[in-house]
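What follows is the content of structure_31.pdb, which has PDB, C-alpha atoms, pLDDT in the B column:
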```pdb
ATOM      1  CA  MET A 798     153.311  82.383 126.586  1.00 66.00           C
ATOM      2  CA  ASN A 799     153.304  80.991 130.120  1.00 87.00           C
ATOM      3  CA  GLN A 800     155.602  83.851 131.133  1.00 90.00           C
ATOM      4  CA  ILE A 801     153.003  86.352 129.896  1.00 92.00           C
ATOM      5  CA  SER A 802     150.141  84.610 131.709  1.00 92.00           C
ATOM      6  CA  ASN A 803     152.164  84.500 134.920  1.00 92.00           C
ATOM      7  CA  LEU A 804     153.058  88.190 134.681  1.00 92.00           C
ATOM      8  CA  LEU A 805     149.450  89.239 134.074  1.00 94.00           C
ATOM      9  CA  GLU A 806     148.267  87.100 136.976  1.00 94.00           C
ATOM     10  CA  GLU A 807     151.010  88.406 139.281  1.00 92.00           C
ATOM     11  CA  LYS A 808     149.978  91.993 138.495  1.00 92.00           C
ATOM     12  CA  GLY A 809     146.254  91.270 138.885  1.00 94.00           C
ATOM     13  CA  LEU A 810     145.406  91.897 135.238  1.00 94.00           C
ATOM     14  CA  SER A 811     142.968  89.883 133.194  1.00 94.00           C
ATOM     15  CA  LYS A 812     144.404  88.142 130.171  1.00 95.00           C
ATOM     16  CA  THR A 813     143.188  89.855 126.995  1.00 94.00           C
ATOM     17  CA  ALA A 814     144.343  89.483 123.401  1.00 93.00           C
ATOM     18  CA  VAL A 815     145.706  93.052 123.353  1.00 95.00           C
ATOM     19  CA  ARG A 816     147.677  92.674 126.598  1.00 96.00           C
ATOM     20  CA  THR A 817     149.032  89.321 125.471  1.00 95.00           C
ATOM     21  CA  GLU A 818     150.189  90.713 122.115  1.00 95.00           C
ATOM     22  CA  LEU A 819     151.750  93.799 123.704  1.00 96.00           C
ATOM     23  CA  LEU A 820     153.683  91.724 126.217  1.00 96.00           C
ATOM     24  CA  LYS A 821     154.658  89.213 123.549  1.00 95.00           C
ATOM     25  CA  SER A 822     156.142  92.117 121.555  1.00 94.00           C
ATOM     26  CA  PHE A 823     158.171  93.218 124.588  1.00 93.00           C
ATOM     27  CA  PHE A 824     159.479  89.730 125.335  1.00 92.00           C
ATOM     28  CA  GLU A 825     160.492  89.179 121.704  1.00 92.00           C
ATOM     29  CA  SER A 826     162.174  92.569 121.259  1.00 88.00           C
ATOM     30  CA  LYS A 827     165.667  93.513 122.348  1.00 77.00           C
ATOM     31  CA  LYS A 828     164.939  97.236 122.010  1.00 81.00           C
ATOM     32  CA  SER A 829     162.447  99.790 123.219  1.00 84.00           C
ATOM     33  CA  LEU A 830     159.170  99.858 121.287  1.00 90.00           C
ATOM     34  CA  SER A 831     157.014 102.742 120.085  1.00 88.00           C
ATOM     35  CA  ILE A 832     153.366 102.902 119.094  1.00 89.00           C
ATOM     36  CA  TYR A 833     154.566 102.546 115.494  1.00 88.00           C
ATOM     37  CA  ASP A 834     156.262  99.243 116.339  1.00 91.00           C
ATOM     38  CA  PHE A 835     153.042  97.934 117.866  1.00 93.00           C
ATOM     39  CA  LYS A 836     150.999  99.032 114.853  1.00 91.00           C
ATOM     40  CA  LYS A 837     153.304  96.948 112.596  1.00 92.00           C
ATOM     41  CA  ASN A 838     152.237  93.840 114.515  1.00 92.00           C
ATOM     42  CA  PRO A 839     149.518  92.161 112.404  1.00 93.00           C
ATOM     43  CA  ASN A 840     147.654  91.152 115.577  1.00 91.00           C
ATOM     44  CA  LEU A 841     147.556  94.769 116.804  1.00 92.00           C
ATOM     45  CA  LYS A 842     147.174  96.568 113.479  1.00 88.00           C
ATOM     46  CA  LYS A 843     143.383  96.860 113.746  1.00 89.00           C
ATOM     47  CA  ILE A 844     143.372  97.731 117.471  1.00 92.00           C
ATOM     48  CA  ASN A 845     142.533 101.342 118.300  1.00 92.00           C
ATOM     49  CA  GLU A 846     145.621 103.300 119.396  1.00 92.00           C
ATOM     50  CA  SER A 847     143.777 104.522 122.488  1.00 93.00           C
ATOM     51  CA  SER A 848     143.375 100.905 123.608  1.00 95.00           C
ATOM     52  CA  ILE A 849     147.092 100.283 123.094  1.00 95.00           C
ATOM     53  CA  TYR A 850     148.022 103.440 125.030  1.00 94.00           C
ATOM     54  CA  ARG A 851     145.565 102.609 127.812  1.00 96.00           C
ATOM     55  CA  ASN A 852     147.206  99.201 128.272  1.00 96.00           C
ATOM     56  CA  LEU A 853     150.730 100.658 128.060  1.00 96.00           C
ATOM     57  CA  ASN A 854     149.816 103.217 130.735  1.00 94.00           C
ATOM     58  CA  ARG A 855     148.448 100.453 132.963  1.00 95.00           C
ATOM     59  CA  PHE A 856     151.605  98.382 132.446  1.00 95.00           C
ATOM     60  CA  GLU A 857     153.683 101.409 133.413  1.00 90.00           C
ATOM     61  CA  GLU A 858     151.601 102.059 136.554  1.00 90.00           C
ATOM     62  CA  LEU A 859     152.164  98.443 137.616  1.00 89.00           C
ATOM     63  CA  GLY A 860     155.918  98.529 136.983  1.00 85.00           C
ATOM     64  CA  ILE A 861     155.893  96.148 134.026  1.00 91.00           C
ATOM     65  CA  ILE A 862     157.323  98.679 131.561  1.00 90.00           C
ATOM     66  CA  HIS A 863     158.692 102.188 131.620  1.00 85.00           C
ATOM     67  CA  ALA A 864     158.398 105.008 129.112  1.00 85.00           C
ATOM     68  CA  ILE A 865     161.397 106.653 127.523  1.00 82.00           C
ATOM     69  CA  GLN A 866     160.672 110.214 126.415  1.00 77.00           C
ATOM     70  CA  SER A 867     162.406 111.879 123.490  1.00 67.00           C
ATOM     71  CA  PRO A 868     163.070 115.627 123.441  1.00 62.00           C
ATOM     72  CA  LYS A 869     160.016 116.177 121.213  1.00 65.00           C
ATOM     73  CA  GLY A 870     157.538 114.196 123.324  1.00 70.00           C
ATOM     74  CA  PHE A 871     157.860 110.944 121.360  1.00 72.00           C
ATOM     75  CA  SER A 872     157.619 107.908 123.670  1.00 84.00           C
ATOM     76  CA  SER A 873     158.999 104.427 123.442  1.00 86.00           C
ATOM     77  CA  TYR A 874     158.524 101.707 126.021  1.00 90.00           C
ATOM     78  CA  GLU A 875     160.747  99.039 127.507  1.00 87.00           C
ATOM     79  CA  LEU A 876     160.075  95.986 129.616  1.00 88.00           C
ATOM     80  CA  ILE A 877     161.414  96.255 133.166  1.00 82.00           C
ATOM     81  CA  GLU A 878     163.348  93.141 134.029  1.00 75.00           C
ATOM     82  CA  LYS A 879     163.964  92.342 137.677  1.00 64.00           C
ATOM     83  CA  GLY A 880     167.291  93.691 138.940  1.00 57.00           C
ATOM     84  CA  ASP A 881     167.914  95.632 135.734  1.00 63.00           C
ATOM     85  CA  HIS A 882     168.263  99.324 136.483  1.00 68.00           C
ATOM     86  CA  HIS A 883     169.774 101.398 133.725  1.00 72.00           C
ATOM     87  CA  HIS A 884     169.283 104.640 131.861  1.00 79.00           C
ATOM     88  CA  HIS A 885     168.945 105.665 128.237  1.00 80.00           C
ATOM     89  CA  ILE A 886     170.236 108.296 125.884  1.00 84.00           C
ATOM     90  CA  VAL A 887     168.011 109.476 123.038  1.00 82.00           C
ATOM     91  CA  CYS A 888     169.326 111.006 119.829  1.00 87.00           C
ATOM     92  CA  SER A 889     167.695 114.413 119.390  1.00 85.00           C
ATOM     93  CA  LYS A 890     167.744 114.039 115.603  1.00 87.00           C
ATOM     94  CA  CYS A 891     166.929 110.440 114.639  1.00 85.00           C
ATOM     95  CA  LYS A 892     165.223 109.470 117.953  1.00 78.00           C
ATOM     96  CA  VAL A 893     167.287 106.270 118.347  1.00 80.00           C
ATOM     97  CA  VAL A 894     167.287 105.125 121.981  1.00 79.00           C
ATOM     98  CA  GLN A 895     170.411 103.508 123.374  1.00 80.00           C
ATOM     99  CA  CYS A 896     170.716 101.801 126.752  1.00 76.00           C
ATOM    100  CA  LEU A 897     173.469 102.835 129.106  1.00 77.00           C
ATOM    101  CA  SER A 898     174.676  99.610 130.659  1.00 69.00           C
ATOM    102  CA  ALA A 899     174.881 100.632 134.287  1.00 68.00           C
ATOM    103  CA  CYS A 900     173.799 103.208 136.810  1.00 71.00           C
ATOM    104  CA  SER A 901     176.641 104.407 138.942  1.00 75.00           C
ATOM    105  CA  ILE A 902     175.023 107.526 140.402  1.00 82.00           C
ATOM    106  CA  HIS A 903     172.503 105.968 142.800  1.00 79.00           C
ATOM    107  CA  LYS A 904     174.839 106.087 145.828  1.00 83.00           C
ATOM    108  CA  GLU A 905     175.649 109.738 145.171  1.00 88.00           C
ATOM    109  CA  LEU A 906     171.968 110.587 144.863  1.00 89.00           C
ATOM    110  CA  GLU A 907     171.276 108.791 148.161  1.00 90.00           C
ATOM    111  CA  LYS A 908     173.855 111.023 149.885  1.00 92.00           C
ATOM    112  CA  ILE A 909     172.379 114.184 148.371  1.00 93.00           C
ATOM    113  CA  THR A 910     168.784 113.321 149.272  1.00 94.00           C
ATOM    114  CA  LYS A 911     169.724 112.159 152.756  1.00 94.00           C
ATOM    115  CA  LYS A 912     171.229 115.605 153.453  1.00 95.00           C
ATOM    116  CA  ILE A 913     167.815 117.183 152.860  1.00 96.00           C
ATOM    117  CA  GLY A 914     165.942 114.563 154.868  1.00 96.00           C
ATOM    118  CA  TYR A 915     164.694 112.237 152.136  1.00 95.00           C
ATOM    119  CA  LEU A 916     164.952 108.495 151.816  1.00 92.00           C
ATOM    120  CA  LEU A 917     165.602 107.879 148.113  1.00 85.00           C
ATOM    121  CA  GLU A 918     163.261 105.261 146.665  1.00 82.00           C
ATOM    122  CA  GLY A 919     164.380 105.484 143.058  1.00 79.00           C
ATOM    123  CA  HIS A 920     165.309 107.824 140.259  1.00 79.00           C
ATOM    124  CA  LYS A 921     164.863 108.369 136.553  1.00 77.00           C
ATOM    125  CA  LEU A 922     167.531 110.038 134.488  1.00 77.00           C
ATOM    126  CA  GLU A 923     166.882 111.173 130.932  1.00 77.00           C
ATOM    127  CA  LEU A 924     169.810 111.924 128.643  1.00 84.00           C
ATOM    128  CA  PHE A 925     169.570 113.509 125.201  1.00 85.00           C
ATOM    129  CA  GLY A 926     172.298 114.039 122.644  1.00 90.00           C
ATOM    130  CA  THR A 927     173.255 113.535 119.036  1.00 93.00           C
ATOM    131  CA  CYS A 928     174.318 110.038 118.019  1.00 92.00           C
ATOM    132  CA  GLU A 929     177.460 109.313 116.052  1.00 94.00           C
ATOM    133  CA  ASN A 930     175.507 108.816 112.802  1.00 94.00           C
ATOM    134  CA  CYS A 931     173.728 112.185 113.075  1.00 94.00           C
ATOM    135  CA  GLN A 932     176.728 114.288 114.096  1.00 95.00           C
TER     136      GLN A 932
END
```
Taking this structure as input, can you express it in the form of structure tokens?
Amino acid sequence: MNQISNLLEEKGLSKTAVRTELLKSFFESKKSLSIYDFKKNPNLKKINESSIYRNLNRFEELGIIHAIQSPKGFSSYELIEKGDHHHHIVCSKCKVVQCLSACSIHKELEKITKKIGYLLEGHKLELFGTCENCQ
């Protein structure tokens, strides 16, 4: 719980019950979470979805979480841990999200963007496919 309080304070956010429960869900989960996962939480069940989305959007703006989009517009969210840069692949059929353990293309992207006069600050790569179970 102290970790959650520290994170909210570091990001300049007031500590509310909704924010605390959302962050608690992220810290306890080892996978990305969707709105449906949050609505299963008894402490968030009665909270309006718009309030949940508003807080998720704020967390994303502040670099606490990032959204993972599926091919059909379905979103799940994942906590950003310091020094952990990786990508995901989403199954087009069952919507399962799997982490890809490393990012080995950053250096290549830096070369490409440098050639056109940009200083690369970051990137986001979205991969979609069909998982082994759905093939």
(Q) Using the chain letters and numbers from this file, what does the PyMOL selection byres ((chain A and resi 901) around 12) select? Give the answer as a PyMOL selection string. (A) chain A and resi 882-884+897-900+902-907+920+922
**Q.** Best match for closeness to Leu876 (chain A) among A:Leu820, A:Leu805, A:Ile832, A:Leu859, counting all atoms listed in the file
**A.**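 Going through A:Leu820, A:Leu805, A:Ile832, A:Leu859 one by one, the smallest distance to Leu876 (chain A) is for A:Leu820.
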Q: Would you list the contacts of Tyr833 (chain A) as a PyMOL selection string, taking every protein, DNA or RNA residue within 12 Å and counting only C-alpha atoms, but skipping same-chain residues closer than 3 positions in sequence?
A: chain A and resi 829-830+836-839+841-842+846+849-850+871-874
Include C-alpha atoms and write out the residues we just selected as an mmCIF file, in the frame of the given file.
```
data_model
loop_
_atom_site.group_PDB
_atom_site.id
_atom_site.type_symbol
_atom_site.label_atom_id
_atom_site.label_comp_id
_atom_site.auth_asym_id
_atom_site.auth_seq_id
_atom_site.Cartn_x
_atom_site.Cartn_y
_atom_site.Cartn_z
ATOM 1 C CA SER A 829 162.447 99.790 123.219
ATOM 2 C CA LEU A 830 159.170 99.858 121.287
ATOM 3 C CA LYS A 836 150.999 99.032 114.853
ATOM 4 C CA LYS A 837 153.304 96.948 112.596
ATOM 5 C CA ASN A 838 152.237 93.840 114.515
ATOM 6 C CA PRO A 839 149.518 92.161 112.404
ATOM 7 C CA LEU A 841 147.556 94.769 116.804
ATOM 8 C CA LYS A 842 147.174 96.568 113.479
ATOM 9 C CA GLU A 846 145.621 103.300 119.396
ATOM 10 C CA ILE A 849 147.092 100.283 123.094
ATOM 11 C CA TYR A 850 148.022 103.440 125.030
ATOM 12 C CA PHE A 871 157.860 110.944 121.360
ATOM 13 C CA SER A 872 157.619 107.908 123.670
ATOM 14 C CA SER A 873 158.999 104.427 123.442
ATOM 15 C CA TYR A 874 158.524 101.707 126.021
#
```
If the PyMOL selection byres ((chain A and resi 887) around 7) were run on this exact file, what residues would it hold? Put them as a short mmCIF file (atom, residue, chain, number, x, y, z; two decimals) with C-alpha atoms, keeping the file's coordinate frame.
```cif
data_model
loop_
_atom_site.label_atom_id
_atom_site.label_comp_id
_atom_site.auth_asym_id
_atom_site.auth_seq_id
_atom_site.Cartn_x
_atom_site.Cartn_y
_atom_site.Cartn_z
CA SER A 867 162.41 111.88 123.49
CA HIS A 885 168.94 105.66 128.24
CA ILE A 886 170.24 108.30 125.88
CA CYS A 888 169.33 111.01 119.83
CA SER A 889 167.70 114.41 119.39
CA LYS A 892 165.22 109.47 117.95
CA VAL A 893 167.29 106.27 118.35
CA VAL A 894 167.29 105.12 121.98
CA GLN A 895 170.41 103.51 123.37
CA LEU A 924 169.81 111.92 128.64
CA PHE A 925 169.57 113.51 125.20
CA GLY A 926 172.30 114.04 122.64
#
```
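Compared by their closest atoms to Ser822 (chain A), and using only C-alpha atoms, the residues A:Glu875, A:Glu806, A:Glu929, A:Glu918 rank with A:Glu875 nearest.
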Q: Taking the file as shown, find all residues satisfying the PyMOL selection byres ((chain A and resi 853) around 10) and write them as a ChimeraX atom specification.
A: /A:816,819-820,832,847-852,854-859,861-864,874
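Interatomic distance, CA of Gly809 (chain A) against CA of Leu917 (chain A): 27.1 Å.
Between Lys828 (chain A) and the candidates A:Lys908, A:Lys921, A:Gly914, A:Ile865, the tightest atom-to-atom separation, counting all atoms listed in the file, involves A:Ile865.
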**Q.** Using all atoms listed in the file: which of A:Gly919, A:Ile909, A:Val815, A:Cys896 has the shortest distance to Lys843 (chain A)
**A.** A:Val815
Q: Please measure the separation of CA of Glu825 (chain A) and CA of Ser802 (chain A), giving the value in Å to one decimal.
A: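 A separation of 15.1 Å between them.
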Q.
Could you tell me how far CA of Ile801 (chain A) sits from CA of Ile844 (chain A), in Å to one decimal place?
A.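 We find that CA of Ile844 (chain A) and CA of Ile801 (chain A) lie 19.4 Å from each other.
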May I have the centre and edge lengths, in Å to one decimal, of an axis-aligned box around the listed atoms of region 820-836 of chain A with 6 Å added to every side, as JSON?
```
{"center_x": 158.3, "center_y": 96.0, "center_z": 120.5, "size_x": 26.7, "size_y": 25.7, "size_z": 23.4}
```
Atom completion result for region 813-824 of chain A (all heavy atoms) as a short mmCIF file (atom, residue, chain, number, x, y, z; two decimals), keeping the file's coordinate frame:
```cif
data_model
loop_
_atom_site.label_atom_id
_atom_site.label_comp_id
_atom_site.auth_asym_id
_atom_site.auth_seq_id
_atom_site.Cartn_x
_atom_site.Cartn_y
_atom_site.Cartn_z
N THR A 813 143.92 89.48 128.21
CA THR A 813 143.19 89.86 127.00
C THR A 813 144.12 89.68 125.80
O THR A 813 145.34 89.61 125.97
CB THR A 813 142.71 91.32 127.05
OG1 THR A 813 143.85 92.18 127.04
CG2 THR A 813 141.85 91.60 128.28
N ALA A 814 143.54 89.64 124.62
CA ALA A 814 144.34 89.48 123.40
C ALA A 814 145.32 90.66 123.23
O ALA A 814 146.47 90.46 122.85
CB ALA A 814 143.43 89.36 122.19
N VAL A 815 144.85 91.87 123.52
CA VAL A 815 145.71 93.05 123.35
C VAL A 815 146.88 93.00 124.33
O VAL A 815 148.03 93.21 123.94
CB VAL A 815 144.89 94.36 123.53
CG1 VAL A 815 145.80 95.57 123.54
CG2 VAL A 815 143.83 94.48 122.46
N ARG A 816 146.60 92.75 125.60
CA ARG A 816 147.68 92.67 126.60
C ARG A 816 148.67 91.57 126.25
O ARG A 816 149.88 91.76 126.37
CB ARG A 816 147.09 92.45 127.98
CG ARG A 816 146.39 93.65 128.53
CD ARG A 816 145.76 93.38 129.87
NE ARG A 816 145.10 94.58 130.35
CZ ARG A 816 144.13 94.59 131.23
NH1 ARG A 816 143.70 93.45 131.77
NH2 ARG A 816 143.58 95.73 131.61
N THR A 817 148.17 90.44 125.83
CA THR A 817 149.03 89.32 125.47
C THR A 817 149.94 89.70 124.30
O THR A 817 151.15 89.45 124.34
CB THR A 817 148.19 88.07 125.13
OG1 THR A 817 147.41 87.72 126.28
CG2 THR A 817 149.07 86.90 124.73
N GLU A 818 149.38 90.32 123.29
CA GLU A 818 150.19 90.71 122.12
C GLU A 818 151.20 91.79 122.47
O GLU A 818 152.33 91.77 121.99
CB GLU A 818 149.29 91.19 120.97
CG GLU A 818 148.70 90.10 120.16
CD GLU A 818 149.72 89.15 119.53
OE1 GLU A 818 150.77 89.59 119.02
OE2 GLU A 818 149.47 87.93 119.57
N LEU A 819 150.81 92.75 123.29
CA LEU A 819 151.75 93.80 123.70
C LEU A 819 152.92 93.18 124.47
O LEU A 819 154.09 93.47 124.16
CB LEU A 819 151.05 94.85 124.57
CG LEU A 819 150.09 95.79 123.86
CD1 LEU A 819 149.31 96.62 124.86
CD2 LEU A 819 150.82 96.69 122.87
N LEU A 820 152.62 92.34 125.43
CA LEU A 820 153.68 91.72 126.22
C LEU A 820 154.54 90.78 125.37
O LEU A 820 155.76 90.73 125.54
CB LEU A 820 153.10 91.00 127.42
CG LEU A 820 152.56 91.91 128.52
CD1 LEU A 820 151.85 91.11 129.59
CD2 LEU A 820 153.66 92.76 129.12
N LYS A 821 153.91 90.09 124.46
CA LYS A 821 154.66 89.21 123.55
C LYS A 821 155.67 90.05 122.75
O LYS A 821 156.82 89.64 122.58
CB LYS A 821 153.68 88.50 122.62
CG LYS A 821 154.31 87.47 121.72
CD LYS A 821 153.21 86.77 120.92
CE LYS A 821 153.80 85.92 119.83
NZ LYS A 821 152.78 85.41 118.91
N SER A 822 155.25 91.22 122.29
CA SER A 822 156.14 92.12 121.56
C SER A 822 157.34 92.51 122.42
O SER A 822 158.47 92.53 121.94
CB SER A 822 155.39 93.37 121.11
OG SER A 822 154.37 93.06 120.20
N PHE A 823 157.08 92.84 123.69
CA PHE A 823 158.17 93.22 124.59
C PHE A 823 159.14 92.06 124.81
O PHE A 823 160.35 92.24 124.77
CB PHE A 823 157.63 93.70 125.94
CG PHE A 823 157.10 95.09 125.92
CD1 PHE A 823 155.75 95.33 126.15
CD2 PHE A 823 157.92 96.17 125.67
CE1 PHE A 823 155.24 96.62 126.14
CE2 PHE A 823 157.43 97.47 125.66
CZ PHE A 823 156.09 97.70 125.89
N PHE A 824 158.62 90.88 125.06
CA PHE A 824 159.48 89.73 125.34
C PHE A 824 160.30 89.32 124.12
O PHE A 824 161.40 88.81 124.26
CB PHE A 824 158.66 88.54 125.85
CG PHE A 824 158.29 88.67 127.30
CD1 PHE A 824 156.96 88.83 127.67
CD2 PHE A 824 159.25 88.65 128.30
CE1 PHE A 824 156.61 88.95 129.01
CE2 PHE A 824 158.91 88.77 129.63
CZ PHE A 824 157.59 88.93 129.99
#
```
